[in-house]
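> Sharing a structure below in structure tokens format, with a few things to ask.
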Amino acid sequence: MAQIVLERLRRRFGDAIRETHSELGNDTAVVDGQRLVEIAEFLRDDRELLFDMPIDCTAVDWLGKREPRFEVVYHVYSTKRRHRLRLKVGVSEADPTTPALTPVWRGMDWHEREAWDLYGIRFVGHPNLKRILMYEEFVGHPLRKDYPIDRRQPLIEMRKVAQVPTQRHPPAELLNKP
């Protein structure tokens, strides 16, 4: 079904679409990272496509198997046209950065933060790129294939945590506090 999407992308962006394929109903476009935001905006705004639902963003570490080492993988969906698409962008180990798609689809916010936290890929233009799963003092990115499995992390002091009362509208001073 989304072959239509792949065709429109190839026609509109030419060489910026490095590769496309469809396997088991999963239509994929490998795109040039320099034009990622422009491609995402086209997918969102084009009347025939209307990709309005970001599903996921993650990364793959291809250490020792291919270059570039990392690949950022986005899954997006059009609720109106019922198209699914996987976007992939290669990211080098020397400069692990790619443009953020959070400004295009607000729902990518936490997914990009998770990929930053676990793989160390920086999303340029992200409004709040900080750790989401690991604590701030954590050293490294644990889903990288070269992360030492027996690594010790720095000890930190226990922090006070405010208990939020179980009520429908807790007082503002108790929300979003450590």
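How things are named: the first chain in the structure tokens is A, the next is B, and so on; residues count from 1 in each chain; ligands count from 1 in the order shown.
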Taking 6 positions as the minimum chain separation for residues in the same chain, which residues sit within 8 Å of stretch 125-139 of chain A when counting only C-alpha atoms? Answer as number ranges by chain.
A: 99-103, 109-110, 112-114, 116-117, 153-154, 156
> Now that the selection is made, can you save its residues with N, CA, C and O atoms as a PDB file, in the first residue's frame?

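The resulting part_21.pdb:
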```
ATOM      1  N   PRO A  99      19.421  15.585  12.579  1.00  0.00           N
ATOM      2  CA  PRO A  99      18.394  16.577  12.919  1.00  0.00           C
ATOM      3  C   PRO A  99      17.251  15.934  13.716  1.00  0.00           C
ATOM      4  O   PRO A  99      16.882  14.786  13.480  1.00  0.00           O
ATOM      5  N   ALA A 100      16.713  16.695  14.644  1.00  0.00           N
ATOM      6  CA  ALA A 100      15.573  16.224  15.437  1.00  0.00           C
ATOM      7  C   ALA A 100      14.295  16.345  14.622  1.00  0.00           C
ATOM      8  O   ALA A 100      14.113  17.296  13.867  1.00  0.00           O
ATOM      9  N   LEU A 101      13.407  15.369  14.800  1.00  0.00           N
ATOM     10  CA  LEU A 101      12.092  15.446  14.167  1.00  0.00           C
ATOM     11  C   LEU A 101      11.008  15.841  15.173  1.00  0.00           C
ATOM     12  O   LEU A 101       9.844  15.917  14.806  1.00  0.00           O
ATOM     13  N   THR A 102      11.390  16.126  16.392  1.00  0.00           N
ATOM     14  CA  THR A 102      10.426  16.601  17.389  1.00  0.00           C
ATOM     15  C   THR A 102       9.738  17.889  16.937  1.00  0.00           C
ATOM     16  O   THR A 102       8.536  18.038  17.150  1.00  0.00           O
ATOM     17  N   PRO A 103      10.445  18.840  16.278  1.00  0.00           N
ATOM     18  CA  PRO A 103       9.732  20.017  15.781  1.00  0.00           C
ATOM     19  C   PRO A 103       8.696  19.692  14.696  1.00  0.00           C
ATOM     20  O   PRO A 103       7.748  20.441  14.500  1.00  0.00           O
ATOM     21  N   ASP A 109       9.365  13.409  20.754  1.00  0.00           N
ATOM     22  CA  ASP A 109      10.142  13.968  21.859  1.00  0.00           C
ATOM     23  C   ASP A 109      10.806  12.886  22.713  1.00  0.00           C
ATOM     24  O   ASP A 109      12.029  12.805  22.802  1.00  0.00           O
ATOM     25  N   TRP A 110      10.037  12.072  23.364  1.00  0.00           N
ATOM     26  CA  TRP A 110      10.605  11.085  24.284  1.00  0.00           C
ATOM     27  C   TRP A 110      11.372   9.998  23.555  1.00  0.00           C
ATOM     28  O   TRP A 110      12.347   9.457  24.071  1.00  0.00           O
ATOM     29  N   GLU A 112      13.246  10.349  20.833  1.00  0.00           N
ATOM     30  CA  GLU A 112      14.574  10.875  20.539  1.00  0.00           C
ATOM     31  C   GLU A 112      15.404  10.990  21.813  1.00  0.00           C
ATOM     32  O   GLU A 112      16.612  10.705  21.796  1.00  0.00           O
ATOM     33  N   ARG A 113      14.774  11.350  22.901  1.00  0.00           N
ATOM     34  CA  ARG A 113      15.506  11.402  24.174  1.00  0.00           C
ATOM     35  C   ARG A 113      16.000  10.013  24.579  1.00  0.00           C
ATOM     36  O   ARG A 113      17.103   9.859  25.091  1.00  0.00           O
ATOM     37  N   GLU A 114      15.184   9.001  24.344  1.00  0.00           N
ATOM     38  CA  GLU A 114      15.579   7.632  24.674  1.00  0.00           C
ATOM     39  C   GLU A 114      16.764   7.185  23.806  1.00  0.00           C
ATOM     40  O   GLU A 114      17.717   6.583  24.293  1.00  0.00           O
ATOM     41  N   TRP A 116      18.985   9.122  22.460  1.00  0.00           N
ATOM     42  CA  TRP A 116      20.145   9.872  22.970  1.00  0.00           C
ATOM     43  C   TRP A 116      20.685   9.190  24.222  1.00  0.00           C
ATOM     44  O   TRP A 116      21.879   8.936  24.341  1.00  0.00           O
ATOM     45  N   ASP A 117      19.818   8.878  25.134  1.00  0.00           N
ATOM     46  CA  ASP A 117      20.213   8.299  26.413  1.00  0.00           C
ATOM     47  C   ASP A 117      20.909   6.950  26.234  1.00  0.00           C
ATOM     48  O   ASP A 117      21.945   6.688  26.840  1.00  0.00           O
ATOM     49  N   GLN A 153      29.287   2.139  37.614  1.00  0.00           N
ATOM     50  CA  GLN A 153      28.872   3.523  37.479  1.00  0.00           C
ATOM     51  C   GLN A 153      29.181   4.279  38.769  1.00  0.00           C
ATOM     52  O   GLN A 153      29.281   3.679  39.838  1.00  0.00           O
ATOM     53  N   PRO A 154      29.325   5.610  38.678  1.00  0.00           N
ATOM     54  CA  PRO A 154      29.608   6.388  39.890  1.00  0.00           C
ATOM     55  C   PRO A 154      28.450   6.288  40.883  1.00  0.00           C
ATOM     56  O   PRO A 154      27.279   6.252  40.494  1.00  0.00           O
ATOM     57  N   ILE A 156      25.991   7.714  43.607  1.00  0.00           N
ATOM     58  CA  ILE A 156      25.389   9.018  43.858  1.00  0.00           C
ATOM     59  C   ILE A 156      24.602   8.932  45.154  1.00  0.00           C
ATOM     60  O   ILE A 156      24.206   7.848  45.591  1.00  0.00           O
TER      61      ILE A 156
END
```
> Mind the document's chain letters and residue numbers, and return as a ChimeraX atom specification the residues of stretch 44-104 of chain A that DSSP labels strand (DSSP E or B).
/A:53-61,70-78,83-91,97-99
> From the set A:Asp15, A:Asp27, A:Glu7, A:Asp146, which residue has the shortest atom-to-atom contact distance to A:Leu87, counting only C-alpha atoms?
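For A:Leu87, the nearest of the given residues is A:Asp27.
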> Grab the atom CA of A:Thr79 to atom CA of A:Leu9 distance for me, in Å with one decimal place.
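Atom CA of A:Leu9 lies at a distance of 18.6 Å from atom CA of A:Thr79.
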> Write out as a list in words all residues of stretch 87-116 of chain A that backbone DSSP assigns to alpha helix (DSSP H).
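Restricting stretch 87-116 of chain A to alpha helix (DSSP H) produces Asp109, Trp110, His111, Glu112, Arg113, Glu114, Ala115 and Trp116 of chain A.
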> Deliver the residues from the most recent selection as a file, using N, CA and C atoms, as an mmCIF file, in the first residue's frame.

```cif
data_model
loop_
_atom_site.group_PDB
_atom_site.id
_atom_site.type_symbol
_atom_site.label_atom_id
_atom_site.label_comp_id
_atom_site.auth_asym_id
_atom_site.auth_seq_id
_atom_site.Cartn_x
_atom_site.Cartn_y
_atom_site.Cartn_z
ATOM 1 N N ASP A 109 9.365 13.409 20.754
ATOM 2 C CA ASP A 109 10.142 13.968 21.859
ATOM 3 C C ASP A 109 10.806 12.886 22.713
ATOM 4 N N TRP A 110 10.037 12.072 23.364
ATOM 5 C CA TRP A 110 10.605 11.085 24.284
ATOM 6 C C TRP A 110 11.372 9.998 23.555
ATOM 7 N N HIS A 111 10.968 9.659 22.335
ATOM 8 C CA HIS A 111 11.684 8.629 21.581
ATOM 9 C C HIS A 111 13.105 9.091 21.242
ATOM 10 N N GLU A 112 13.246 10.349 20.833
ATOM 11 C CA GLU A 112 14.574 10.875 20.539
ATOM 12 C C GLU A 112 15.404 10.990 21.813
ATOM 13 N N ARG A 113 14.774 11.350 22.901
ATOM 14 C CA ARG A 113 15.506 11.402 24.174
ATOM 15 C C ARG A 113 16.000 10.013 24.579
ATOM 16 N N GLU A 114 15.184 9.001 24.344
ATOM 17 C CA GLU A 114 15.579 7.632 24.674
ATOM 18 C C GLU A 114 16.764 7.185 23.806
ATOM 19 N N ALA A 115 16.725 7.501 22.507
ATOM 20 C CA ALA A 115 17.837 7.144 21.625
ATOM 21 C C ALA A 115 19.112 7.879 22.026
ATOM 22 N N TRP A 116 18.985 9.122 22.460
ATOM 23 C CA TRP A 116 20.145 9.872 22.970
ATOM 24 C C TRP A 116 20.685 9.190 24.222
#
```
> At a cut-off of 10 Å, using only C-alpha atoms, what residues contact A:Glu48? Leave out same-chain residues fewer than 6 positions from it and give the result as a list in words.
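My reading of the contact set: Ile4, Val5, Arg8, Ser78, Lys80 and Arg81 of chain A.
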> With a distance cut-off of 9 Å and only C-alpha atoms, select the neighbouring residues of stretch 64-70 of chain A, excluding the residue or stretch itself and same-chain residues fewer than 5 positions from it, and output the selection as a ChimeraX atom specification.
/A:59,89-93,96,119,121
> Take atom CA of A:Val37 and atom CA of A:Asp95 and report the distance between them in Å, one decimal.
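Spanning atom CA of A:Val37 to atom CA of A:Asp95 is a straight-line distance of 18.2 Å.
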> Find the residue from A:Trp105, A:Asp61, A:Arg84, A:Ala40 that sits nearest to A:Pro142; use only C-alpha atoms when measuring.
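When distances to A:Pro142 are compared using only C-alpha atoms, the smallest one comes from A:Asp61.
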> With distances taken over only C-alpha atoms, which of A:Phe123, A:Tyr77, A:Phe51, A:Trp62 is nearest to A:Asn26?
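Closest to A:Asn26 of all the choices is A:Tyr77.
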